[in-house]
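File shown here: target-v9.txt, holding compact mmCIF, C-alpha atoms.
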```txt
# COMPACT_ATOMS: atom_id res chain seq x y z
CA MET A 1 28.45 24.38 -11.98
CA ILE A 2 26.59 21.06 -12.09
CA GLU A 3 28.88 19.50 -9.50
CA ALA A 4 28.60 22.47 -7.12
CA SER A 5 24.82 22.55 -7.48
CA THR A 6 24.55 18.83 -6.80
CA THR A 7 26.80 19.08 -3.77
CA THR A 8 24.74 21.93 -2.37
CA PHE A 9 21.53 19.98 -2.83
CA TRP A 10 22.96 16.85 -1.20
CA ASN A 11 24.35 18.81 1.72
CA GLY A 12 20.97 20.39 2.31
CA LEU A 13 19.18 17.07 2.02
CA GLY A 14 21.69 15.39 4.31
CA GLN A 15 21.09 18.00 6.98
CA LEU A 16 17.33 17.56 6.63
CA LEU A 17 17.58 13.77 6.97
CA ALA A 18 20.08 13.74 9.82
CA GLY A 19 18.55 12.14 12.89
CA ARG A 20 15.35 11.14 11.09
CA THR A 21 13.74 7.71 11.42
CA PHE A 22 13.34 5.49 8.38
CA THR A 23 10.47 3.01 8.79
CA ASP A 24 10.14 0.15 6.30
CA LEU A 25 6.48 -0.33 5.37
CA THR A 26 7.12 -3.42 3.24
CA HIS A 27 6.69 -7.13 3.91
CA ALA A 28 9.43 -9.35 2.49
CA PHE A 29 7.62 -11.57 -0.01
CA HIS A 30 8.06 -15.33 -0.23
CA PRO A 31 6.29 -18.49 -1.42
CA GLY A 32 3.29 -19.42 0.70
CA GLN A 33 2.53 -15.91 1.92
CA PRO A 34 -1.03 -14.53 2.20
CA HIS A 35 -2.48 -13.47 -1.15
CA PHE A 36 -5.69 -13.04 -3.11
CA PRO A 37 -7.08 -16.59 -3.36
CA ALA A 38 -7.46 -16.57 -7.15
CA PHE A 39 -3.74 -15.87 -7.62
CA PRO A 40 -1.09 -18.61 -7.96
CA ASN A 41 1.63 -19.06 -5.41
CA GLU A 42 5.16 -17.78 -6.00
CA ILE A 43 7.65 -20.13 -7.63
CA ARG A 44 11.31 -19.35 -6.92
CA GLU A 45 14.18 -21.18 -8.59
CA ALA A 46 17.94 -20.76 -8.25
CA VAL A 47 19.06 -20.79 -11.89
CA PHE A 48 22.66 -20.34 -10.74
CA ASP A 49 23.72 -21.13 -7.18
CA LEU A 50 26.98 -20.44 -5.32
CA GLU A 51 26.15 -23.33 -2.95
CA LYS A 52 26.17 -25.69 -5.94
CA GLY A 53 29.49 -24.50 -7.27
CA ASP A 54 28.30 -21.82 -9.70
CA GLY A 55 30.18 -18.55 -9.91
CA PHE A 56 27.21 -16.51 -8.70
CA THR A 57 23.65 -16.87 -7.45
CA ALA A 58 20.68 -15.78 -9.56
CA HIS A 59 17.03 -16.60 -8.95
CA ARG A 60 14.08 -16.83 -11.31
CA TYR A 61 10.91 -15.48 -9.65
CA SER A 62 7.49 -16.45 -10.98
CA ILE A 63 4.96 -14.17 -9.31
CA ILE A 64 1.69 -12.43 -10.01
CA GLY A 65 2.11 -8.64 -10.18
CA GLN A 66 -0.08 -8.14 -7.10
CA TRP A 67 2.29 -10.04 -4.79
CA GLY A 68 3.14 -9.05 -1.22
CA THR A 69 3.31 -5.33 -0.54
CA HIS A 70 2.46 -4.10 -4.01
CA VAL A 71 1.28 -1.21 -6.14
CA ASP A 72 -1.97 -1.19 -8.12
CA PRO A 73 -2.06 1.38 -10.95
CA PRO A 74 -5.38 2.41 -12.55
CA SER A 75 -4.91 -0.14 -15.35
CA HIS A 76 -5.28 -2.97 -12.83
CA PHE A 77 -9.07 -2.51 -12.94
CA ILE A 78 -9.70 0.19 -15.53
CA ARG A 79 -9.47 -0.30 -19.29
CA GLY A 80 -7.23 2.44 -20.68
CA GLY A 81 -6.05 3.46 -17.19
CA ARG A 82 -2.48 4.52 -16.48
CA THR A 83 0.04 1.70 -16.25
CA LEU A 84 3.01 1.50 -13.89
CA ASP A 85 5.44 3.06 -16.37
CA GLN A 86 3.08 6.05 -16.74
CA ILE A 87 3.12 7.02 -13.06
CA PRO A 88 5.81 9.73 -12.75
CA ALA A 89 8.66 9.51 -10.27
CA THR A 90 7.44 12.81 -8.79
CA ASP A 91 4.43 10.89 -7.42
CA MET A 92 6.65 8.43 -5.56
CA ILE A 93 7.49 10.75 -2.65
CA LEU A 94 4.42 12.21 -0.96
CA PRO A 95 3.25 13.65 2.35
CA LEU A 96 1.87 10.81 4.48
CA VAL A 97 -1.46 10.91 6.30
CA ILE A 98 -2.26 8.07 8.72
CA LEU A 99 -5.96 7.46 9.34
CA ASP A 100 -6.06 5.24 12.42
CA ILE A 101 -9.04 2.95 13.11
CA SER A 102 -7.01 0.19 14.80
CA ALA A 103 -8.72 0.61 18.19
CA ARG A 104 -12.11 0.02 16.58
CA VAL A 105 -10.80 -2.92 14.56
CA SER A 106 -9.58 -4.57 17.77
CA THR A 107 -13.21 -5.03 18.84
CA ASN A 108 -14.86 -5.19 15.40
CA ASN A 109 -12.94 -6.87 12.58
CA ASP A 110 -15.42 -5.49 10.03
CA ALA A 111 -14.74 -1.84 10.96
CA THR A 112 -14.31 0.82 8.28
CA PRO A 113 -13.40 4.52 8.54
CA THR A 114 -16.15 7.12 8.92
CA MET A 115 -16.38 10.82 8.16
CA ASP A 116 -16.10 11.41 11.91
CA ASP A 117 -12.60 9.90 11.71
CA ILE A 118 -11.73 12.40 8.98
CA ARG A 119 -13.24 15.34 10.88
CA GLU A 120 -11.30 14.41 14.01
CA TRP A 121 -8.07 14.03 12.05
CA GLU A 122 -8.54 17.45 10.46
CA ARG A 123 -9.45 19.02 13.81
CA ARG A 124 -6.07 17.89 15.15
CA ASN A 125 -3.93 18.47 12.07
CA GLY A 126 -5.70 20.78 9.62
CA GLU A 127 -7.03 19.81 6.19
CA VAL A 128 -5.69 16.69 4.54
CA PRO A 129 -3.25 18.23 2.04
CA ALA A 130 -3.76 17.83 -1.69
CA GLY A 131 -1.34 15.33 -3.18
CA SER A 132 -1.13 13.23 -0.01
CA PHE A 133 -0.79 9.48 0.38
CA VAL A 134 -3.44 8.41 2.90
CA ALA A 135 -2.81 5.10 4.66
CA LEU A 136 -5.47 3.27 6.67
CA ARG A 137 -4.02 1.95 9.93
CA THR A 138 -5.94 -1.10 11.14
CA GLY A 139 -3.28 -3.22 12.87
CA TRP A 140 -4.05 -6.01 10.41
CA SER A 141 -0.43 -6.35 9.27
CA HIS A 142 0.44 -7.96 12.62
CA ARG A 143 -1.36 -11.06 11.32
CA TRP A 144 1.22 -11.46 8.53
CA PRO A 145 2.28 -14.03 7.33
CA ASP A 146 -0.58 -16.19 8.67
CA ALA A 147 -2.89 -16.56 5.66
CA ASP A 148 -5.84 -17.82 7.72
CA ALA A 149 -5.53 -14.95 10.19
CA MET A 150 -5.32 -12.43 7.37
CA ALA A 151 -8.45 -13.80 5.67
CA ASN A 152 -10.26 -14.30 9.02
CA LYS A 153 -13.13 -16.37 7.64
CA ASP A 154 -16.07 -17.57 9.68
CA ARG A 155 -17.68 -21.02 9.45
CA GLU A 156 -19.68 -19.95 6.41
CA GLY A 157 -16.53 -18.83 4.60
CA VAL A 158 -17.25 -15.12 4.97
CA SER A 159 -14.15 -13.02 5.49
CA HIS A 160 -14.17 -10.51 8.35
CA THR A 161 -11.48 -7.93 7.61
CA PRO A 162 -11.49 -4.14 7.84
CA GLY A 163 -11.39 -1.97 4.73
CA TRP A 164 -12.14 1.46 3.35
CA SER A 165 -15.58 3.09 3.05
CA ARG A 166 -17.00 4.86 0.00
CA ASP A 167 -17.85 8.15 1.71
CA VAL A 168 -14.32 8.53 3.11
CA LEU A 169 -12.64 7.62 -0.19
CA SER A 170 -14.94 9.96 -2.13
CA PHE A 171 -14.17 12.82 0.25
CA LEU A 172 -10.40 12.25 0.15
CA ILE A 173 -10.26 11.99 -3.64
CA GLU A 174 -12.92 14.49 -4.72
CA GLU A 175 -12.68 17.08 -1.93
CA ARG A 176 -9.05 16.80 -0.84
CA SER A 177 -7.44 15.69 -4.14
CA ILE A 178 -5.15 13.08 -2.61
CA THR A 179 -2.77 11.20 -4.90
CA ALA A 180 -2.89 7.65 -3.53
CA VAL A 181 -4.12 5.41 -0.73
CA GLY A 182 -2.70 2.42 1.09
CA HIS A 183 -3.78 -0.19 3.62
CA GLU A 184 -2.60 -3.21 5.58
CA GLN A 185 -5.18 -5.69 4.28
CA THR A 186 -5.16 -7.73 1.10
CA ASP A 187 -7.99 -5.63 -0.38
CA THR A 188 -9.35 -2.10 -0.48
CA ASP A 189 -12.86 -3.37 0.19
CA PRO A 190 -13.74 -4.91 3.57
CA GLY A 191 -14.04 -8.67 3.81
CA LEU A 192 -17.84 -8.61 3.97
CA ALA A 193 -17.79 -7.11 0.47
CA THR A 194 -15.00 -9.19 -1.09
CA SER A 195 -16.67 -12.38 0.16
CA ARG A 196 -19.50 -11.63 -2.28
CA GLN A 197 -17.05 -10.59 -5.02
CA ASP A 198 -17.72 -6.90 -4.49
CA PHE A 199 -14.60 -4.86 -5.28
CA SER A 200 -16.41 -1.60 -5.93
CA LEU A 201 -14.18 0.51 -3.68
CA GLU A 202 -10.99 -0.58 -5.40
CA THR A 203 -12.70 0.00 -8.73
CA TYR A 204 -13.67 3.49 -7.60
CA VAL A 205 -10.15 4.44 -6.47
CA LEU A 206 -8.51 3.26 -9.69
CA ALA A 207 -11.26 4.78 -11.87
CA GLN A 208 -10.36 8.18 -10.39
CA ASP A 209 -6.83 7.78 -11.85
CA ARG A 210 -5.36 7.15 -8.40
CA TRP A 211 -3.00 4.35 -7.45
CA GLN A 212 -2.74 2.35 -4.25
CA ILE A 213 -0.41 0.22 -2.16
CA GLU A 214 -1.79 -2.93 -0.57
CA LEU A 215 -0.41 -5.03 2.31
CA LEU A 216 1.52 -2.25 4.03
CA ALA A 217 3.43 -3.00 7.25
CA ASN A 218 4.51 -1.07 10.36
CA LEU A 219 2.00 1.76 10.10
CA ASP A 220 1.69 1.79 13.89
CA ASP A 221 5.27 3.09 14.09
CA LEU A 222 4.35 6.35 12.33
CA PRO A 223 2.87 9.68 13.43
CA GLU A 224 -0.57 10.45 12.01
CA TRP A 225 0.90 13.49 10.25
CA GLY A 226 4.33 14.87 9.42
CA ALA A 227 6.04 11.93 7.70
CA ALA A 228 6.92 11.50 4.05
CA VAL A 229 6.29 8.24 2.22
CA ILE A 230 8.50 6.94 -0.56
CA ALA A 231 6.89 4.26 -2.73
CA THR A 232 8.97 2.69 -5.49
CA TRP A 233 8.59 -0.22 -7.87
CA PRO A 234 10.07 -1.58 -11.11
CA LYS A 235 8.99 -0.07 -14.42
CA PRO A 236 7.45 -2.81 -16.58
CA LEU A 237 6.10 -1.41 -19.84
CA ARG A 238 2.28 -1.37 -19.58
CA GLY A 239 2.56 -3.05 -16.17
CA SER A 240 -0.65 -3.60 -14.19
CA GLY A 241 0.95 -4.21 -10.78
CA PHE A 242 4.20 -5.16 -9.10
CA PRO A 243 5.74 -5.74 -5.66
CA ALA A 244 6.73 -2.36 -4.21
CA ARG A 245 9.34 -1.17 -1.71
CA VAL A 246 7.71 1.43 0.51
CA PHE A 247 9.18 3.34 3.44
CA ALA A 248 8.52 6.44 5.49
CA ILE A 249 10.83 9.16 6.77
CA HIS A 250 9.79 10.95 9.95
```

Let me see the structure of the file written as structure tokens.
Amino acid sequence: MIEASTTTFWNGLGQLLAGRTFTDLTHAFHPGQPHFPAFPNEIREAVFDLEKGDGFTAHRYSIIGQWGTHVDPPSHFIRGGRTLDQIPATDMILPLVILDISARVSTNNDATPTMDDIREWERRNGEVPAGSFVALRTGWSHRWPDADAMANKDREGVSHTPGWSRDVLSFLIEERSITAVGHEQTDTDPGLATSRQDFSLETYVLAQDRWQIELLANLDDLPEWGAAVIATWPKPLRGSGFPARVFAIH
């Protein structure tokens, strides 16, 4: 009975996935890549190396949890918040909403989403569904892996990068009950805020027991509605962040 049931499920899933597009939303991480300036660089060492005559290759990776395309659980900012091992696997496949402000970012690097963007999205597609993953499309991932272009600092050292806005996040979380958010930039908060050490938007998201994915890629290859996102990561006990592998099916 178990084998027949499994076969039936796989056959049905295979038919559903046939002809679909799989879009990788993940940057391959490496030493020297863009990252939060207070974090150390990656150190990678070949402990065993086929090229040196060993029987296999195995690397030791020394990285901060928030490295490359990564997941932030509530415990990253919130004392007592859920850790990575406490986020259920059922939350790792979600309906994907793309909120696109890339045209505005192209003329204003400090742009953030507005409630008009939400109203227009819902006029076209209906209400943002509860349990969704909402990703902010800004086009910023095209600057990867140029660290200076990602930070985009002016002569005074102020970073000019897009980010989220409090009214949009509050609406999505409190009125639409979304599960998670994601974005292409290094931070949830726009550069004008992070330059003065203001991370209030990230704090808000994680304080609402939501999680997020930072440094997403290839969002411009996705429809604004109708895709599913799959976000996975390792399961460190009491983990506060880790590189993630994220992709969309559409």

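Nearest to His30 of chain A of all the residues A:Asp100, A:Glu42, A:Glu127, A:Glu202 is A:Glu42, counting all atoms listed in the file.
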
Which one of A:Ser195, A:Trp225, A:Trp211, A:Ala248 sits closest to Phe77 of chain A if you count all atoms listed in the file?
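Closest to Phe77 of chain A, using all atoms listed in the file: A:Trp211.
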
Dump as a PyMOL selection string all residues having an atom at most 12 Å from (11.4, -25.2, -5.4), computed in the file's coordinates with only C-alpha atoms.
chain A and resi 30-32+41-47+59-62

Selection to disk with C-alpha atoms, as a compact mmCIF listing (two decimals), in the coordinates of the input:
```txt
# COMPACT_ATOMS: atom_id res chain seq x y z
CA HIS A 30 8.06 -15.33 -0.23
CA PRO A 31 6.29 -18.49 -1.42
CA GLY A 32 3.29 -19.42 0.70
CA ASN A 41 1.63 -19.06 -5.41
CA GLU A 42 5.16 -17.78 -6.00
CA ILE A 43 7.65 -20.13 -7.63
CA ARG A 44 11.31 -19.35 -6.92
CA GLU A 45 14.18 -21.18 -8.59
CA ALA A 46 17.94 -20.76 -8.25
CA VAL A 47 19.06 -20.79 -11.89
CA HIS A 59 17.03 -16.60 -8.95
CA ARG A 60 14.08 -16.83 -11.31
CA TYR A 61 10.91 -15.48 -9.65
CA SER A 62 7.49 -16.45 -10.98
```

For Phe199 of chain A: contacts at 10 Å, only C-alpha atoms, fewer than 3 positions along chain excluded, given as number ranges by chain:
A: 77, 187-191, 193-196, 202-204

As number ranges by chain, please: the residues near Arg166 of chain A (cut-off 10 Å, only C-alpha atoms, same-chain neighbours under 6 positions excluded).
A: 112-114, 172, 189, 200-202, 204-205

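Remark: for Gln185 of chain A, the closest of the candidate residues A:Thr90, A:Asn109, A:Gln197, A:Thr23 is A:Asn109 (distances computed over only C-alpha atoms).
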
Pick from A:Arg210, A:Lys153, A:His250, A:His35, whichever lies nearest to Ser177 of chain A using all atoms listed in the file:
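Residue with the minimum atom-to-atom distance to Ser177 of chain A: A:Arg210.
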
Counting all atoms listed in the file, the option among A:Asp146, A:Asp85, A:Glu122, A:Glu184 closest to Thr69 of chain A
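Of A:Asp146, A:Asp85, A:Glu122, A:Glu184, the one nearest Thr69 of chain A is A:Glu184, counting all atoms listed in the file.
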
In Å to one decimal, how far is atom CA of Pro162 of chain A from atom CA of Ser141 of chain A?
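Pair atom CA of Ser141 of chain A / atom CA of Pro162 of chain A returns 11.4 Å.
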
Among the residues A:Pro236, A:Gly163, A:Gly19, A:Pro223, the one that comes closest to Pro95 of chain A [using all atoms listed in the file]:
A:Pro223

One decimal, in Å: what's the spacing between atom CA of Asp209 of chain A and atom CA of Pro74 of chain A?
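Separation between atom CA of Asp209 of chain A and atom CA of Pro74 of chain A: 5.6 Å.
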
With 6 Å as the threshold, what does the neighbourhood of (20.7, -23.6, -6.2) contain in terms of residues, counting all atoms listed in the file? Coordinates are those of the file; answer as a PDB file with C-alpha atoms, in the coordinates of the input.
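Output saved as point_2.pdb:
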```pdb
ATOM      1  CA  ALA A  46      17.940 -20.760  -8.250  1.00  0.00           C
ATOM      2  CA  PHE A  48      22.660 -20.340 -10.740  1.00  0.00           C
ATOM      3  CA  ASP A  49      23.720 -21.130  -7.180  1.00  0.00           C
ATOM      4  CA  LYS A  52      26.170 -25.690  -5.940  1.00  0.00           C
TER       5      LYS A  52
END
```

Please measure the separation of atom CA of Gly65 of chain A and atom CA of Asp154 of chain A, giving the value in Å to one decimal.
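Between atom CA of Gly65 of chain A and atom CA of Asp154 of chain A the gap works out to 28.4 Å.
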
Put a box with edges along x, y and z around all the listed atoms of segment 61-64 of chain A, pad it by 5 Å on each side, then give me its centre and sizes in Å, one decimal, as JSON.
```
{"center_x": 6.3, "center_y": -14.4, "center_z": -10.1, "size_x": 19.2, "size_y": 14.0, "size_z": 11.7}
```

Give me the residues within 12 Å of Arg20 of chain A as a PyMOL selection string, counting all atoms listed in the file and dropping any in the same chain fewer than 5 places off.
chain A and resi 13-15+226-228+248-250

Which residues are close to Thr83 of chain A, i.e. within 8 Å by only C-alpha atoms, leaving aside same-chain residues fewer than 6 positions away? Reply as a list in words.
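The residues that qualify are Pro73, Pro74, Ser75, His76, Leu237, Arg238, Gly239 and Ser240 of chain A.
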
Using all atoms listed in the file, which residues sit within 10 Å of Ser102 of chain A once same-chain residues fewer than 3 positions away are excluded, as a JSON list (two decimals) with C-alpha atoms, keeping the file's coordinate frame?
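The new file out08.json reads:
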```json
[["chain", "number", "residue", "atom", "x", "y", "z"],
["A", 99, "LEU", "CA", -5.96, 7.46, 9.34],
["A", 105, "VAL", "CA", -10.80, -2.92, 14.56],
["A", 106, "SER", "CA", -9.58, -4.57, 17.77],
["A", 107, "THR", "CA", -13.21, -5.03, 18.84],
["A", 108, "ASN", "CA", -14.86, -5.19, 15.40],
["A", 109, "ASN", "CA", -12.94, -6.87, 12.58],
["A", 111, "ALA", "CA", -14.74, -1.84, 10.96],
["A", 112, "THR", "CA", -14.31, 0.82, 8.28],
["A", 113, "PRO", "CA", -13.40, 4.52, 8.54],
["A", 136, "LEU", "CA", -5.47, 3.27, 6.67],
["A", 137, "ARG", "CA", -4.02, 1.95, 9.93],
["A", 138, "THR", "CA", -5.94, -1.10, 11.14],
["A", 139, "GLY", "CA", -3.28, -3.22, 12.87],
["A", 140, "TRP", "CA", -4.05, -6.01, 10.41],
["A", 162, "PRO", "CA", -11.49, -4.14, 7.84],
["A", 220, "ASP", "CA", 1.69, 1.79, 13.89]]
```

Where atoms are lacking, segment 15-48 of chain A completed to N, CA and C atoms, as a PDB file, keeping the file's coordinate frame:
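Below you can see out-v6.pdb, which holds the result:
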```
ATOM      1  N   GLN A  15      21.411  17.325   5.732  1.00  0.00           N
ATOM      2  CA  GLN A  15      21.090  18.000   6.980  1.00  0.00           C
ATOM      3  C   GLN A  15      19.627  17.770   7.370  1.00  0.00           C
ATOM      4  N   LEU A  16      18.756  17.768   6.366  1.00  0.00           N
ATOM      5  CA  LEU A  16      17.330  17.560   6.630  1.00  0.00           C
ATOM      6  C   LEU A  16      17.063  16.141   7.130  1.00  0.00           C
ATOM      7  N   LEU A  17      17.813  15.166   6.609  1.00  0.00           N
ATOM      8  CA  LEU A  17      17.580  13.770   6.970  1.00  0.00           C
ATOM      9  C   LEU A  17      18.322  13.338   8.236  1.00  0.00           C
ATOM     10  N   ALA A  18      19.287  14.116   8.651  1.00  0.00           N
ATOM     11  CA  ALA A  18      20.080  13.740   9.820  1.00  0.00           C
ATOM     12  C   ALA A  18      19.200  13.562  11.048  1.00  0.00           C
ATOM     13  N   GLY A  19      19.322  12.411  11.687  1.00  0.00           N
ATOM     14  CA  GLY A  19      18.550  12.140  12.890  1.00  0.00           C
ATOM     15  C   GLY A  19      17.124  11.682  12.650  1.00  0.00           C
ATOM     16  N   ARG A  20      16.710  11.593  11.392  1.00  0.00           N
ATOM     17  CA  ARG A  20      15.350  11.140  11.090  1.00  0.00           C
ATOM     18  C   ARG A  20      15.242   9.625  11.207  1.00  0.00           C
ATOM     19  N   THR A  21      14.010   9.141  11.361  1.00  0.00           N
ATOM     20  CA  THR A  21      13.740   7.710  11.420  1.00  0.00           C
ATOM     21  C   THR A  21      13.243   7.223  10.065  1.00  0.00           C
ATOM     22  N   PHE A  22      13.782   6.117   9.618  1.00  0.00           N
ATOM     23  CA  PHE A  22      13.340   5.490   8.380  1.00  0.00           C
ATOM     24  C   PHE A  22      12.579   4.209   8.757  1.00  0.00           C
ATOM     25  N   THR A  23      11.305   4.154   8.439  1.00  0.00           N
ATOM     26  CA  THR A  23      10.470   3.010   8.790  1.00  0.00           C
ATOM     27  C   THR A  23      10.073   2.251   7.524  1.00  0.00           C
ATOM     28  N   ASP A  24      10.470   1.002   7.453  1.00  0.00           N
ATOM     29  CA  ASP A  24      10.140   0.150   6.300  1.00  0.00           C
ATOM     30  C   ASP A  24       8.678  -0.268   6.412  1.00  0.00           C
ATOM     31  N   LEU A  25       7.902  -0.005   5.382  1.00  0.00           N
ATOM     32  CA  LEU A  25       6.480  -0.330   5.370  1.00  0.00           C
ATOM     33  C   LEU A  25       6.180  -1.531   4.482  1.00  0.00           C
ATOM     34  N   THR A  26       7.201  -2.352   4.240  1.00  0.00           N
ATOM     35  CA  THR A  26       7.120  -3.420   3.240  1.00  0.00           C
ATOM     36  C   THR A  26       7.335  -4.788   3.870  1.00  0.00           C
ATOM     37  N   HIS A  27       6.448  -5.732   3.562  1.00  0.00           N
ATOM     38  CA  HIS A  27       6.690  -7.130   3.910  1.00  0.00           C
ATOM     39  C   HIS A  27       7.678  -7.748   2.909  1.00  0.00           C
ATOM     40  N   ALA A  28       8.591  -8.570   3.387  1.00  0.00           N
ATOM     41  CA  ALA A  28       9.430  -9.350   2.490  1.00  0.00           C
ATOM     42  C   ALA A  28       8.594 -10.481   1.905  1.00  0.00           C
ATOM     43  N   PHE A  29       8.500 -10.554   0.569  1.00  0.00           N
ATOM     44  CA  PHE A  29       7.620 -11.570  -0.010  1.00  0.00           C
ATOM     45  C   PHE A  29       8.334 -12.905  -0.162  1.00  0.00           C
ATOM     46  N   HIS A  30       7.511 -13.974  -0.197  1.00  0.00           N
ATOM     47  CA  HIS A  30       8.060 -15.330  -0.230  1.00  0.00           C
ATOM     48  C   HIS A  30       6.958 -16.306  -0.623  1.00  0.00           C
ATOM     49  N   PRO A  31       7.309 -17.493  -1.110  1.00  0.00           N
ATOM     50  CA  PRO A  31       6.290 -18.490  -1.420  1.00  0.00           C
ATOM     51  C   PRO A  31       5.466 -18.842  -0.186  1.00  0.00           C
ATOM     52  N   GLY A  32       4.169 -19.026  -0.388  1.00  0.00           N
ATOM     53  CA  GLY A  32       3.290 -19.420   0.700  1.00  0.00           C
ATOM     54  C   GLY A  32       2.707 -18.287   1.501  1.00  0.00           C
ATOM     55  N   GLN A  33       3.022 -17.064   1.160  1.00  0.00           N
ATOM     56  CA  GLN A  33       2.530 -15.910   1.920  1.00  0.00           C
ATOM     57  C   GLN A  33       1.040 -15.677   1.642  1.00  0.00           C
ATOM     58  N   PRO A  34       0.365 -14.870   2.473  1.00  0.00           N
ATOM     59  CA  PRO A  34      -1.030 -14.530   2.200  1.00  0.00           C
ATOM     60  C   PRO A  34      -1.167 -13.795   0.856  1.00  0.00           C
ATOM     61  N   HIS A  35      -2.230 -14.135   0.127  1.00  0.00           N
ATOM     62  CA  HIS A  35      -2.480 -13.470  -1.150  1.00  0.00           C
ATOM     63  C   HIS A  35      -3.920 -13.672  -1.562  1.00  0.00           C
ATOM     64  N   PHE A  36      -4.346 -12.904  -2.554  1.00  0.00           N
ATOM     65  CA  PHE A  36      -5.690 -13.040  -3.110  1.00  0.00           C
ATOM     66  C   PHE A  36      -5.881 -14.487  -3.570  1.00  0.00           C
ATOM     67  N   PRO A  37      -6.970 -15.142  -3.145  1.00  0.00           N
ATOM     68  CA  PRO A  37      -7.080 -16.590  -3.360  1.00  0.00           C
ATOM     69  C   PRO A  37      -7.075 -17.041  -4.818  1.00  0.00           C
ATOM     70  N   ALA A  38      -7.444 -16.169  -5.742  1.00  0.00           N
ATOM     71  CA  ALA A  38      -7.460 -16.570  -7.150  1.00  0.00           C
ATOM     72  C   ALA A  38      -6.058 -16.551  -7.775  1.00  0.00           C
ATOM     73  N   PHE A  39      -5.088 -15.991  -7.075  1.00  0.00           N
ATOM     74  CA  PHE A  39      -3.740 -15.870  -7.620  1.00  0.00           C
ATOM     75  C   PHE A  39      -2.902 -17.111  -7.320  1.00  0.00           C
ATOM     76  N   PRO A  40      -1.989 -17.474  -8.232  1.00  0.00           N
ATOM     77  CA  PRO A  40      -1.090 -18.610  -7.960  1.00  0.00           C
ATOM     78  C   PRO A  40      -0.022 -18.243  -6.955  1.00  0.00           C
ATOM     79  N   ASN A  41       0.549 -19.262  -6.354  1.00  0.00           N
ATOM     80  CA  ASN A  41       1.630 -19.060  -5.410  1.00  0.00           C
ATOM     81  C   ASN A  41       2.916 -18.681  -6.155  1.00  0.00           C
ATOM     82  N   GLU A  42       3.843 -18.089  -5.441  1.00  0.00           N
ATOM     83  CA  GLU A  42       5.160 -17.780  -6.000  1.00  0.00           C
ATOM     84  C   GLU A  42       5.956 -19.053  -6.247  1.00  0.00           C
ATOM     85  N   ILE A  43       6.681 -19.078  -7.353  1.00  0.00           N
ATOM     86  CA  ILE A  43       7.650 -20.130  -7.630  1.00  0.00           C
ATOM     87  C   ILE A  43       9.024 -19.470  -7.727  1.00  0.00           C
ATOM     88  N   ARG A  44       9.978 -19.943  -6.931  1.00  0.00           N
ATOM     89  CA  ARG A  44      11.310 -19.350  -6.920  1.00  0.00           C
ATOM     90  C   ARG A  44      12.341 -20.443  -7.206  1.00  0.00           C
ATOM     91  N   GLU A  45      13.195 -20.182  -8.164  1.00  0.00           N
ATOM     92  CA  GLU A  45      14.180 -21.180  -8.590  1.00  0.00           C
ATOM     93  C   GLU A  45      15.558 -20.551  -8.686  1.00  0.00           C
ATOM     94  N   ALA A  46      16.559 -21.211  -8.115  1.00  0.00           N
ATOM     95  CA  ALA A  46      17.940 -20.760  -8.250  1.00  0.00           C
ATOM     96  C   ALA A  46      18.487 -21.281  -9.587  1.00  0.00           C
ATOM     97  N   VAL A  47      18.555 -20.406 -10.574  1.00  0.00           N
ATOM     98  CA  VAL A  47      19.060 -20.790 -11.890  1.00  0.00           C
ATOM     99  C   VAL A  47      20.576 -21.009 -11.823  1.00  0.00           C
ATOM    100  N   PHE A  48      21.253 -20.175 -11.065  1.00  0.00           N
ATOM    101  CA  PHE A  48      22.660 -20.340 -10.740  1.00  0.00           C
ATOM    102  C   PHE A  48      22.784 -20.230  -9.228  1.00  0.00           C
TER     103      PHE A  48
END
```
